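Colleague: This one is work-v5.cif, mmCIF, C-alpha atoms and all ligand atoms.
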```
data_target
loop_
_atom_site.group_PDB
_atom_site.id
_atom_site.type_symbol
_atom_site.label_atom_id
_atom_site.label_comp_id
_atom_site.auth_asym_id
_atom_site.auth_seq_id
_atom_site.Cartn_x
_atom_site.Cartn_y
_atom_site.Cartn_z
ATOM 1 C CA MET A 272 -5.623 -21.332 -2.147
ATOM 2 C CA LYS A 273 -7.692 -18.836 -0.206
ATOM 3 C CA ASP A 274 -10.296 -21.400 0.890
ATOM 4 C CA PHE A 275 -7.536 -23.808 1.782
ATOM 5 C CA ILE A 276 -5.920 -21.397 4.218
ATOM 6 C CA LYS A 277 -9.252 -20.392 5.672
ATOM 7 C CA LYS A 278 -10.124 -23.995 6.379
ATOM 8 C CA LEU A 279 -6.804 -24.637 8.067
ATOM 9 C CA TRP A 280 -6.849 -21.870 10.592
ATOM 10 C CA ARG A 281 -10.383 -20.611 11.146
ATOM 11 C CA GLY A 282 -11.552 -24.123 11.856
ATOM 12 C CA GLU A 283 -14.881 -25.769 11.119
ATOM 13 C CA GLU A 284 -17.135 -22.964 12.213
ATOM 14 C CA THR A 285 -15.498 -20.412 9.971
ATOM 15 C CA MET A 286 -18.281 -17.854 9.846
ATOM 16 C CA GLU A 287 -18.768 -17.890 13.605
ATOM 17 C CA ASP A 288 -15.052 -17.381 14.207
ATOM 18 C CA LEU A 289 -15.064 -14.578 11.678
ATOM 19 C CA SER A 290 -17.934 -12.694 13.239
ATOM 20 C CA LEU A 291 -16.262 -12.967 16.648
ATOM 21 C CA THR A 292 -13.025 -11.558 15.255
ATOM 22 C CA ILE A 293 -14.919 -8.732 13.550
ATOM 23 C CA LYS A 294 -16.714 -7.994 16.818
ATOM 24 C CA LYS A 295 -13.404 -7.848 18.629
ATOM 25 C CA LEU A 296 -11.973 -5.502 16.009
ATOM 26 C CA LYS A 297 -15.010 -3.251 16.294
ATOM 27 C CA GLU A 298 -14.494 -2.995 20.045
ATOM 28 C CA LEU A 299 -10.833 -2.191 19.519
ATOM 29 C CA LEU A 300 -11.717 0.544 17.031
ATOM 30 C CA ASP A 301 -14.136 2.034 19.562
ATOM 31 C CA ASN A 302 -11.745 1.811 22.481
ATOM 32 C CA SER A 303 -8.307 2.580 21.035
ATOM 33 C CA ASP A 304 -6.687 5.966 21.615
ATOM 34 C CA SER A 305 -4.618 5.765 18.432
ATOM 35 C CA VAL A 306 -4.958 3.940 15.126
ATOM 36 C CA ILE A 307 -2.083 3.373 12.727
ATOM 37 C CA ILE A 308 -3.022 2.224 9.241
ATOM 38 C CA GLY A 309 -0.391 0.415 7.193
ATOM 39 C CA ALA A 310 -1.304 -0.201 3.561
ATOM 40 C CA GLY A 311 0.206 -2.056 0.631
ATOM 41 C CA ALA A 312 -0.707 -3.126 -2.882
ATOM 42 C CA GLY A 313 -3.382 -5.562 -1.677
ATOM 43 C CA LEU A 314 -5.536 -2.690 -0.437
ATOM 44 C CA SER A 315 -5.637 -0.954 -3.806
ATOM 45 C CA THR A 316 -6.287 -4.277 -5.545
ATOM 46 C CA ALA A 317 -9.229 -4.865 -3.196
ATOM 47 C CA SER A 318 -10.483 -1.343 -3.932
ATOM 48 C CA GLY A 319 -10.670 -2.180 -7.652
ATOM 49 C CA ILE A 320 -7.317 -0.807 -8.812
ATOM 50 C CA SER A 321 -6.166 -4.166 -10.085
ATOM 51 C CA TYR A 322 -3.007 -4.357 -12.231
ATOM 52 C CA GLY A 323 -3.927 -7.527 -14.088
ATOM 53 C CA GLY A 324 -6.862 -9.416 -15.538
ATOM 54 C CA GLU A 325 -9.762 -7.723 -17.298
ATOM 55 C CA ARG A 326 -8.848 -4.226 -16.234
ATOM 56 C CA PHE A 327 -5.442 -4.590 -17.858
ATOM 57 C CA LYS A 328 -6.845 -6.216 -21.017
ATOM 58 C CA LYS A 329 -9.501 -3.569 -21.397
ATOM 59 C CA ASN A 330 -7.161 -0.602 -21.089
ATOM 60 C CA PHE A 331 -4.044 -1.848 -22.878
ATOM 61 C CA PRO A 332 -5.119 -4.077 -25.802
ATOM 62 C CA ASP A 333 -2.752 -2.312 -28.229
ATOM 63 C CA PHE A 334 0.271 -2.530 -25.905
ATOM 64 C CA ILE A 335 -0.513 -6.176 -25.108
ATOM 65 C CA LYS A 336 -0.656 -6.986 -28.819
ATOM 66 C CA LYS A 337 2.566 -5.164 -29.610
ATOM 67 C CA TYR A 338 4.717 -6.214 -26.626
ATOM 68 C CA ASN A 339 3.025 -9.312 -25.169
ATOM 69 C CA LEU A 340 2.670 -7.558 -21.829
ATOM 70 C CA THR A 341 1.110 -9.669 -19.073
ATOM 71 C CA ASP A 342 0.108 -7.140 -16.395
ATOM 72 C CA MET A 343 0.590 -3.505 -15.415
ATOM 73 C CA TYR A 344 3.077 -4.196 -12.653
ATOM 74 C CA SER A 345 5.642 -5.999 -14.801
ATOM 75 C CA ALA A 346 4.912 -3.658 -17.729
ATOM 76 C CA THR A 347 6.479 -0.760 -15.833
ATOM 77 C CA PHE A 348 9.792 -2.671 -15.963
ATOM 78 C CA TYR A 349 9.421 -3.823 -19.592
ATOM 79 C CA PRO A 350 12.430 -2.965 -21.829
ATOM 80 C CA PHE A 351 10.563 -0.763 -24.298
ATOM 81 C CA PRO A 352 12.516 -0.068 -27.531
ATOM 82 C CA SER A 353 12.802 3.681 -26.892
ATOM 83 C CA PRO A 354 12.046 6.345 -24.282
ATOM 84 C CA GLU A 355 9.267 7.534 -26.601
ATOM 85 C CA ALA A 356 7.640 4.085 -26.468
ATOM 86 C CA ARG A 357 8.201 3.717 -22.736
ATOM 87 C CA TRP A 358 6.551 7.043 -21.923
ATOM 88 C CA ALA A 359 3.599 6.208 -24.154
ATOM 89 C CA TYR A 360 3.000 3.190 -21.906
ATOM 90 C CA LEU A 361 3.730 5.003 -18.631
ATOM 91 C CA ALA A 362 1.478 7.929 -19.485
ATOM 92 C CA ARG A 363 -1.520 5.658 -19.872
ATOM 93 C CA HIS A 364 -0.543 3.675 -16.773
ATOM 94 C CA VAL A 365 -0.201 6.801 -14.601
ATOM 95 C CA TYR A 366 -3.399 8.324 -15.954
ATOM 96 C CA LEU A 367 -5.413 5.159 -15.391
ATOM 97 C CA ASN A 368 -4.113 4.342 -11.916
ATOM 98 C CA ASN A 369 -3.720 7.774 -10.448
ATOM 99 C CA LEU A 370 -4.556 10.972 -12.358
ATOM 100 C CA ASN A 371 -7.914 9.794 -13.690
ATOM 101 C CA MET A 372 -8.743 7.459 -10.789
ATOM 102 C CA GLU A 373 -11.093 8.947 -8.257
ATOM 103 C CA ALA A 374 -11.255 7.958 -4.602
ATOM 104 C CA THR A 375 -12.564 4.409 -4.360
ATOM 105 C CA GLU A 376 -15.355 3.278 -2.028
ATOM 106 C CA LEU A 377 -13.027 1.108 0.017
ATOM 107 C CA TYR A 378 -10.614 3.901 0.889
ATOM 108 C CA LYS A 379 -13.534 6.223 1.687
ATOM 109 C CA ASN A 380 -15.016 3.538 3.939
ATOM 110 C CA ILE A 381 -11.724 3.042 5.766
ATOM 111 C CA LEU A 382 -11.668 6.788 6.424
ATOM 112 C CA LYS A 383 -15.126 6.440 7.996
ATOM 113 C CA LEU A 384 -13.659 3.886 10.399
ATOM 114 C CA VAL A 385 -10.953 6.230 11.687
ATOM 115 C CA GLU A 386 -11.954 9.841 10.957
ATOM 116 C CA ASP A 387 -13.001 10.511 14.550
ATOM 117 C CA LYS A 388 -9.870 8.865 15.937
ATOM 118 C CA ASP A 389 -6.312 10.006 16.358
ATOM 119 C CA TYR A 390 -4.894 8.188 13.337
ATOM 120 C CA PHE A 391 -1.857 8.028 11.095
ATOM 121 C CA VAL A 392 -1.311 6.299 7.735
ATOM 122 C CA ILE A 393 1.837 4.729 6.338
ATOM 123 C CA THR A 394 1.551 3.388 2.805
ATOM 124 C CA THR A 395 3.746 1.984 0.063
ATOM 125 C CA ASN A 396 1.027 2.653 -2.526
ATOM 126 C CA VAL A 397 1.752 5.291 -5.166
ATOM 127 C CA ASP A 398 -1.808 5.834 -6.400
ATOM 128 C CA ASP A 399 -2.552 8.603 -3.851
ATOM 129 C CA GLN A 400 -5.847 6.977 -2.818
ATOM 130 C CA PHE A 401 -5.475 8.089 0.824
ATOM 131 C CA PHE A 402 -5.124 11.703 -0.313
ATOM 132 C CA LYS A 403 -7.987 11.444 -2.808
ATOM 133 C CA SER A 404 -10.401 9.877 -0.340
ATOM 134 C CA GLY A 405 -10.034 12.673 2.192
ATOM 135 C CA PHE A 406 -7.499 11.487 4.761
ATOM 136 C CA ASP A 407 -5.642 14.406 6.359
ATOM 137 C CA PRO A 408 -2.434 14.862 4.297
ATOM 138 C CA SER A 409 -0.521 15.758 7.467
ATOM 139 C CA LYS A 410 -1.322 12.227 8.682
ATOM 140 C CA ILE A 411 -0.131 10.357 5.575
ATOM 141 C CA TYR A 412 3.378 9.049 5.039
ATOM 142 C CA ALA A 413 3.638 7.715 1.467
ATOM 143 C CA THR A 414 7.046 6.117 1.675
ATOM 144 C CA GLN A 415 7.519 5.051 -1.951
ATOM 145 C CA GLY A 416 6.492 8.198 -3.854
ATOM 146 C CA SER A 417 3.636 8.930 -6.216
ATOM 147 C CA TYR A 418 2.719 8.356 -9.837
ATOM 148 C CA ARG A 419 1.713 11.976 -10.191
ATOM 149 C CA LEU A 420 5.170 13.358 -9.393
ATOM 150 C CA PHE A 421 8.289 13.766 -11.503
ATOM 151 C CA GLN A 422 11.825 13.959 -10.175
ATOM 152 C CA CYS A 423 15.224 14.415 -11.831
ATOM 153 C CA SER A 424 16.576 10.977 -12.776
ATOM 154 C CA VAL A 425 20.148 11.802 -11.663
ATOM 155 C CA PRO A 426 18.910 13.329 -9.274
ATOM 156 C CA CYS A 427 20.628 16.729 -9.305
ATOM 157 C CA HIS A 428 18.164 18.293 -6.852
ATOM 158 C CA ASP A 429 15.377 17.099 -4.577
ATOM 159 C CA LYS A 430 12.335 19.005 -5.806
ATOM 160 C CA LEU A 431 9.286 17.107 -7.074
ATOM 161 C CA TYR A 432 7.050 18.245 -9.908
ATOM 162 C CA ASP A 433 3.356 17.661 -10.578
ATOM 163 C CA ASN A 434 3.159 15.763 -13.865
ATOM 164 C CA GLU A 435 -0.553 15.912 -14.658
ATOM 165 C CA LYS A 436 -0.303 18.372 -17.545
ATOM 166 C CA ILE A 437 2.556 16.652 -19.336
ATOM 167 C CA ILE A 438 1.133 13.152 -18.830
ATOM 168 C CA LYS A 439 -2.101 14.307 -20.467
ATOM 169 C CA GLU A 440 -0.106 15.800 -23.346
ATOM 170 C CA MET A 441 1.648 12.456 -23.799
ATOM 171 C CA LEU A 442 -1.714 10.682 -23.902
ATOM 172 C CA ASP A 443 -3.126 13.113 -26.439
ATOM 173 C CA ASN A 444 -0.055 12.778 -28.645
ATOM 174 C CA THR A 445 0.549 9.019 -28.605
ATOM 175 C CA ASP A 446 0.721 7.878 -32.242
ATOM 176 C CA GLU A 447 -0.280 4.624 -33.948
ATOM 177 C CA ASP A 448 3.137 3.109 -33.241
ATOM 178 C CA LEU A 449 2.468 3.690 -29.558
ATOM 179 C CA THR A 450 5.170 6.323 -29.136
ATOM 180 C CA ILE A 451 5.101 9.943 -28.004
ATOM 181 C CA PRO A 452 6.898 12.846 -29.731
ATOM 182 C CA SER A 453 10.507 13.158 -28.498
ATOM 183 C CA GLU A 454 9.965 16.735 -27.353
ATOM 184 C CA LEU A 455 7.469 15.527 -24.749
ATOM 185 C CA ILE A 456 10.035 13.384 -22.945
ATOM 186 C CA PRO A 457 10.317 15.184 -19.613
ATOM 187 C CA LYS A 458 13.646 16.924 -18.938
ATOM 188 C CA CYS A 459 15.016 18.193 -15.641
ATOM 189 C CA PRO A 460 14.701 22.010 -15.542
ATOM 190 C CA LYS A 461 18.063 22.265 -13.749
ATOM 191 C CA CYS A 462 20.426 19.791 -15.439
ATOM 192 C CA GLY A 463 18.545 18.766 -18.600
ATOM 193 C CA ASN A 464 18.735 15.028 -17.900
ATOM 194 C CA PRO A 465 15.514 13.016 -18.243
ATOM 195 C CA MET A 466 12.906 13.202 -15.510
ATOM 196 C CA GLU A 467 11.500 10.061 -13.928
ATOM 197 C CA LEU A 468 8.427 9.161 -11.965
ATOM 198 C CA ASN A 469 9.016 9.626 -8.238
ATOM 199 C CA LEU A 470 8.964 5.923 -7.382
ATOM 200 C CA ARG A 471 11.376 4.134 -5.086
ATOM 201 C CA ILE A 472 13.002 1.697 -7.480
ATOM 202 C CA ASP A 473 16.639 2.281 -6.544
ATOM 203 C CA ASN A 474 18.796 4.742 -4.622
ATOM 204 C CA THR A 475 18.040 7.621 -7.015
ATOM 205 C CA PHE A 476 14.620 8.029 -5.374
ATOM 206 C CA VAL A 477 14.085 11.637 -4.293
ATOM 207 C CA GLU A 478 12.878 12.212 -0.739
ATOM 208 C CA ASP A 479 11.806 15.855 -0.699
ATOM 209 C CA ALA A 480 11.074 18.136 2.284
ATOM 210 C CA THR A 481 7.469 16.871 2.560
ATOM 211 C CA TRP A 482 8.652 13.251 2.538
ATOM 212 C CA HIS A 483 11.054 13.973 5.410
ATOM 213 C CA GLU A 484 8.401 15.886 7.326
ATOM 214 C CA GLN A 485 5.957 12.974 7.055
ATOM 215 C CA ASN A 486 8.650 10.478 7.940
ATOM 216 C CA ARG A 487 9.281 12.412 11.168
ATOM 217 C CA ALA A 488 5.540 12.784 11.829
ATOM 218 C CA TYR A 489 5.079 9.016 11.524
ATOM 219 C CA TYR A 490 7.798 8.185 14.039
ATOM 220 C CA ASP A 491 6.588 10.959 16.377
ATOM 221 C CA PHE A 492 3.107 9.438 16.220
ATOM 222 C CA ILE A 493 4.504 6.034 17.162
ATOM 223 C CA ASP A 494 6.488 7.580 20.018
ATOM 224 C CA LYS A 495 3.514 9.342 21.512
ATOM 225 C CA SER A 496 1.324 6.238 21.071
ATOM 226 C CA ARG A 497 3.566 3.679 22.659
ATOM 227 C CA ASP A 498 1.865 3.769 26.068
ATOM 228 C CA ASN A 499 -1.617 4.269 24.575
ATOM 229 C CA LYS A 500 -4.169 1.728 23.530
ATOM 230 C CA THR A 501 -3.140 1.568 19.900
ATOM 231 C CA LEU A 502 -4.636 -0.368 17.022
ATOM 232 C CA LEU A 503 -2.509 -1.322 14.026
ATOM 233 C CA LEU A 504 -4.656 -1.850 10.928
ATOM 234 C CA GLU A 505 -2.598 -3.544 8.243
ATOM 235 C CA PHE A 506 -4.094 -3.927 4.770
ATOM 236 C CA GLY A 507 -2.692 -5.977 1.912
ATOM 237 C CA ILE A 508 1.019 -6.073 2.670
ATOM 238 C CA GLY A 509 2.886 -9.155 1.529
ATOM 239 C CA PHE A 510 6.564 -9.930 1.381
ATOM 240 C CA ASN A 511 7.695 -7.645 -1.473
ATOM 241 C CA THR A 512 8.904 -4.933 0.902
ATOM 242 C CA PRO A 513 8.042 -6.285 4.362
ATOM 243 C CA THR A 514 10.670 -4.209 6.178
ATOM 244 C CA ILE A 515 8.796 -0.937 5.656
ATOM 245 C CA ILE A 516 5.502 -1.708 7.397
ATOM 246 C CA ARG A 517 4.804 -5.361 8.037
ATOM 247 C CA LEU A 518 7.813 -6.463 10.101
ATOM 248 C CA PRO A 519 7.829 -3.256 12.176
ATOM 249 C CA PHE A 520 4.095 -3.754 12.876
ATOM 250 C CA ASP A 521 4.785 -7.274 14.140
ATOM 251 C CA ALA A 522 7.699 -5.993 16.236
ATOM 252 C CA MET A 523 5.765 -3.100 17.786
ATOM 253 C CA ASN A 524 2.797 -5.303 18.594
ATOM 254 C CA ALA A 525 5.132 -7.821 20.191
ATOM 255 C CA LYS A 526 6.781 -5.158 22.325
ATOM 256 C CA TRP A 527 3.891 -2.988 23.520
ATOM 257 C CA THR A 528 1.169 -4.948 25.254
ATOM 258 C CA ASN A 529 -1.431 -2.149 24.983
ATOM 259 C CA TRP A 530 -1.318 -2.549 21.221
ATOM 260 C CA ASN A 531 -3.336 -4.778 18.900
ATOM 261 C CA LEU A 532 -2.677 -5.753 15.317
ATOM 262 C CA ALA A 533 -5.363 -6.529 12.747
ATOM 263 C CA ARG A 534 -3.801 -7.969 9.604
ATOM 264 C CA PHE A 535 -5.738 -8.267 6.334
ATOM 265 C CA ASN A 536 -4.046 -10.491 3.803
ATOM 266 C CA LEU A 537 -5.459 -13.055 1.398
ATOM 267 C CA GLU A 538 -2.503 -15.425 1.707
ATOM 268 C CA HIS A 539 0.118 -14.267 4.175
ATOM 269 C CA LEU A 540 -1.053 -14.133 7.756
ATOM 270 C CA GLU A 541 2.103 -15.461 9.342
ATOM 271 C CA VAL A 542 3.740 -13.533 12.140
ATOM 272 C CA ALA A 543 7.440 -12.599 12.393
ATOM 273 C CA ILE A 544 8.695 -12.243 15.952
ATOM 274 C CA GLU A 545 12.180 -11.697 17.279
ATOM 275 C CA ILE A 546 12.959 -13.989 20.183
ATOM 276 C CA ASP A 547 16.464 -14.106 21.697
ATOM 277 C CA ASP A 548 17.924 -12.037 18.832
ATOM 278 C CA ARG A 549 16.545 -14.360 16.172
ATOM 279 C CA TYR A 550 13.583 -13.882 13.881
ATOM 280 C CA HIS A 551 10.962 -16.607 13.900
ATOM 281 C CA LEU A 552 8.235 -16.832 11.301
ATOM 282 C CA PHE A 553 5.142 -18.375 12.866
ATOM 283 C CA PRO A 554 2.640 -19.778 10.381
ATOM 284 C CA ILE A 555 -0.999 -18.884 10.900
ATOM 285 C CA ASP A 556 -2.024 -22.504 10.790
ATOM 286 C CA GLY A 557 -1.664 -23.759 14.327
ATOM 287 C CA LEU A 558 -0.484 -20.404 15.667
ATOM 288 C CA ASN A 559 -1.943 -21.445 19.009
ATOM 289 C CA SER A 560 0.558 -24.240 19.394
ATOM 290 C CA TYR A 561 3.468 -21.798 19.603
ATOM 291 C CA LYS A 562 4.644 -19.903 22.637
ATOM 292 C CA ILE A 563 4.874 -16.263 21.539
ATOM 293 C CA PRO A 564 5.828 -13.819 24.300
ATOM 294 C CA ASN A 565 3.683 -10.996 25.692
ATOM 295 C CA ASN A 566 0.330 -12.558 24.812
ATOM 296 C CA PHE A 567 0.904 -11.584 21.212
ATOM 297 C CA LYS A 568 -1.669 -14.044 19.950
ATOM 298 C CA GLU A 569 -4.446 -12.507 22.024
ATOM 299 C CA ARG A 570 -3.625 -9.162 20.457
ATOM 300 C CA TYR A 571 -3.453 -10.438 16.877
ATOM 301 C CA LEU A 572 -6.527 -10.406 14.617
ATOM 302 C CA PRO A 573 -5.874 -12.056 11.254
ATOM 303 C CA PHE A 574 -8.273 -11.757 8.314
ATOM 304 C CA ASN A 575 -7.925 -13.492 4.963
ATOM 305 C CA GLU A 576 -11.407 -12.453 3.890
ATOM 306 C CA ASP A 577 -12.125 -9.708 1.365
ATOM 307 C CA ILE A 578 -11.270 -6.354 2.958
ATOM 308 C CA ASN A 579 -14.463 -4.775 1.558
ATOM 309 C CA PHE A 580 -16.598 -7.365 3.320
ATOM 310 C CA VAL A 581 -14.973 -6.884 6.733
ATOM 311 C CA VAL A 582 -14.890 -3.076 6.476
ATOM 312 C CA ASN A 583 -18.596 -3.035 5.568
ATOM 313 C CA GLU A 584 -19.337 -5.239 8.566
ATOM 314 C CA LEU A 585 -17.391 -2.837 10.798
ATOM 315 C CA LEU A 586 -19.418 0.106 9.505
ATOM 316 C CA LYS A 587 -22.760 -1.551 10.269
HETATM 317 ZN ZN ZN B 601 18.543 17.272 -12.792
#
```
Please lay out the structure from this file as structure tokens.
Modeller:
Amino acid sequence: MKDFIKKLWRGEETMEDLSLTIKKLKELLDNSDSVIIGAGAGLSTASGISYGGERFKKNFPDFIKKYNLTDMYSATFYPFPSPEARWAYLARHVYLNNLNMEATELYKNILKLVEDKDYFVITTNVDDQFFKSGFDPSKIYATQGSYRLFQCSVPCHDKLYDNEKIIKEMLDNTDEDLTIPSELIPKCPKCGNPMELNLRIDNTFVEDATWHEQNRAYYDFIDKSRDNKTLLLEFGIGFNTPTIIRLPFDAMNAKWTNWNLARFNLEHLEVAIEIDDRYHLFPIDGLNSYKIPNNFKERYLPFNEDINFVVNELLK
């Protein structure tokens, strides 16, 4: 699939086109006043935090055998027979993907690209990799929560709680039936109902004071950047939750002609633009044959290559 797309839109001289696009991106990184990074699941997958395949098989052989689980993403929604069984799974999942996962090379390398710039990060990832790899926390807006935080499931109040200690206790006390002791099931200190991971799954998601502060900081950053030369760096965002980062990135790049958008995505490089109050989805193949206003195409840099490869080229 990947090669197929590449062939369609980068043309015959793929590598030459690619090095030109990388060169252009390098110039934009050097010359932009502001950089806004938008990151989704594809970035963490590229960094090695993959939810399927060998990594899943290696870390969950017992759960796979017992429940026929297929990957870590769908496993978090699996109807486990009891809360004790569910938390046994979640504890290992959270420990593997967040608590025990150090900063990956890819995230550290992306920091090298922007650390001397005025930057801001918006991410839907809940593995805290931007925090771990040294990005300034005041410049990170993690919209969908974090694996390492608990919230009340009701929720009766909007405080978040670090879960590292209790997750480790769950791991240490998981029995042969793959369940944890009932007394380790986390309970809200205020109302006594169960606690949940702070993940945006439905409207019970808790947005605490820090979340609101970072939400404001993100929109303030956009406001102050609108007349600047601004580079949008979008990594690994598909169409699961496109309204949070991807569609707004397209819209902002369409509106502000000082801005440029570099999109990294293995399969989805199409562009969504509102023209005359209607959204149009322009496929990457043959993008040049469409009339998109405001020279959008000249300010759009699509990459369906491995993010590691391109980032390493940029750091050369
Ligand atoms: Zn509560």
Colleague: For the interface of chain A with ligand ZN 601 (chain B) (cut-off 10 Å, counting all atoms listed in the file), please tabulate each contacting residue of chain A alongside its nearest pair of atoms and their separation in Å to one decimal, rows sorted by chain and increasing number, as a Markdown table.
Modeller:
```
| residue | atom | partner | partner_atom | distance |
| --- | --- | --- | --- | --- |
| A:Gln422 | CA | B:ZN601 | ZN | 7.9 |
| A:Cys423 | CA | B:ZN601 | ZN | 4.5 |
| A:Ser424 | CA | B:ZN601 | ZN | 6.6 |
| A:Val425 | CA | B:ZN601 | ZN | 5.8 |
| A:Pro426 | CA | B:ZN601 | ZN | 5.3 |
| A:Cys427 | CA | B:ZN601 | ZN | 4.1 |
| A:His428 | CA | B:ZN601 | ZN | 6.0 |
| A:Asp429 | CA | B:ZN601 | ZN | 8.8 |
| A:Lys430 | CA | B:ZN601 | ZN | 9.5 |
| A:Lys458 | CA | B:ZN601 | ZN | 7.9 |
| A:Cys459 | CA | B:ZN601 | ZN | 4.6 |
| A:Pro460 | CA | B:ZN601 | ZN | 6.7 |
| A:Lys461 | CA | B:ZN601 | ZN | 5.1 |
| A:Cys462 | CA | B:ZN601 | ZN | 4.1 |
| A:Gly463 | CA | B:ZN601 | ZN | 6.0 |
| A:Asn464 | CA | B:ZN601 | ZN | 5.6 |
| A:Pro465 | CA | B:ZN601 | ZN | 7.5 |
| A:Met466 | CA | B:ZN601 | ZN | 7.5 |
```
Colleague: Any chance you could resolve the PyMOL selection byres (((chain A and resi 434) around 10) and not hetatm) against this file and give the residues as a VMD selection string?
Modeller: chain A and resid 362 365 370 418 to 422 431 to 433 435 to 439 457 468
Colleague: Please provide the set of residues having any atom within 6 Å of range 470-484 of chain A, restricted to only C-alpha atoms, with same-chain residues fewer than 3 positions apart removed, written as a VMD selection string.
Modeller: chain A and resid 415 to 416 429 487
Colleague: Can you pull out the residues contacting Gly309 in chain A? Cut-off 10 Å, using all atoms listed in the file, and skip same-chain residues under 5 positions away; I want them as a list of chain:residue names.
Modeller: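 Residues near the query, excluding close chain neighbours: A:Leu314, A:Phe391, A:Val392, A:Ile393, A:Thr394, A:Thr395, A:Tyr412, A:Leu503, A:Leu504, A:Glu505, A:Phe506, A:Gly507, A:Ile508, A:Ile515, A:Ile516, A:Arg517, A:Phe520, A:Arg534.
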Colleague: Would you compute the distance between CA of Phe401 in chain A and CA of Ala374 in chain A? Give it in Å to one decimal.
Modeller: 7.9 Å
Colleague: Rounded to one decimal in Å, what is the spacing between CA of Lys328 in chain A and CA of Thr414 in chain A?
Modeller: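 Separating CA of Lys328 in chain A from CA of Thr414 in chain A is a distance of 29.3 Å.
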Colleague: Residue by residue, what does the PyMOL selection byres (((chain A and resi 356-360) around 12) and not hetatm) grab here? Present the result as a PyMOL selection string.
Modeller: chain A and resi 330-335+337-338+340+343-355+361-367+437-457+465-468
Colleague: Check what the PyMOL selection byres (((chain A and resi 384) around 9) and not hetatm) selects in the file above and give those residues as a list in words.
Modeller: Leu300, Asn380, Ile381, Leu382, Lys383, Val385, Glu386, Asp387, Lys388, Val582, Leu585 and Leu586 of chain A
Colleague: Using only C-alpha atoms, pick whichever of A:Asn565, A:Thr501, A:Thr375, A:Asn469 has the shortest atom-to-atom distance to Phe402 in chain A.
Modeller: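 Among the listed residues, A:Thr375 lies closest to Phe402 in chain A.
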Colleague: Would you work out the distance separating CA of Asn575 in chain A from CA of Asn396 in chain A, expressed in Å to one decimal?
Modeller: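 So the answer is 19.9 Å.
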Colleague: Could you check the closest approach to Gln400 in chain A for each of A:Lys336, A:Leu289, A:Ala310, A:Ala488 and tell me which residue wins, using only C-alpha atoms?
Modeller: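 Of A:Lys336, A:Leu289, A:Ala310, A:Ala488, the one nearest Gln400 in chain A is A:Ala310, counting only C-alpha atoms.
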Colleague: So, with only C-alpha atoms as the atoms that count, which of A:Gly557, A:Pro519, A:Gly323, A:Gly509 lies closest to Ile544 in chain A?
Modeller: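 The closest residue to Ile544 in chain A is A:Pro519.
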Colleague: Select, from A:Leu552, A:Lys329, A:Gly313, A:Val397, the residue with the minimum atom-to-atom distance to Glu538 in chain A, counting all atoms listed in the file.
Modeller: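 Between A:Leu552, A:Lys329, A:Gly313, A:Val397, the residue approaching Glu538 in chain A most closely is A:Gly313.
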Colleague: For Leu537 in chain A, which residue out of A:Phe327, A:Tyr322, A:Phe574, A:Tyr390 is the nearest one, using only C-alpha atoms?
Modeller: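 Comparing A:Phe327, A:Tyr322, A:Phe574, A:Tyr390 against Leu537 in chain A, the winner is A:Phe574.
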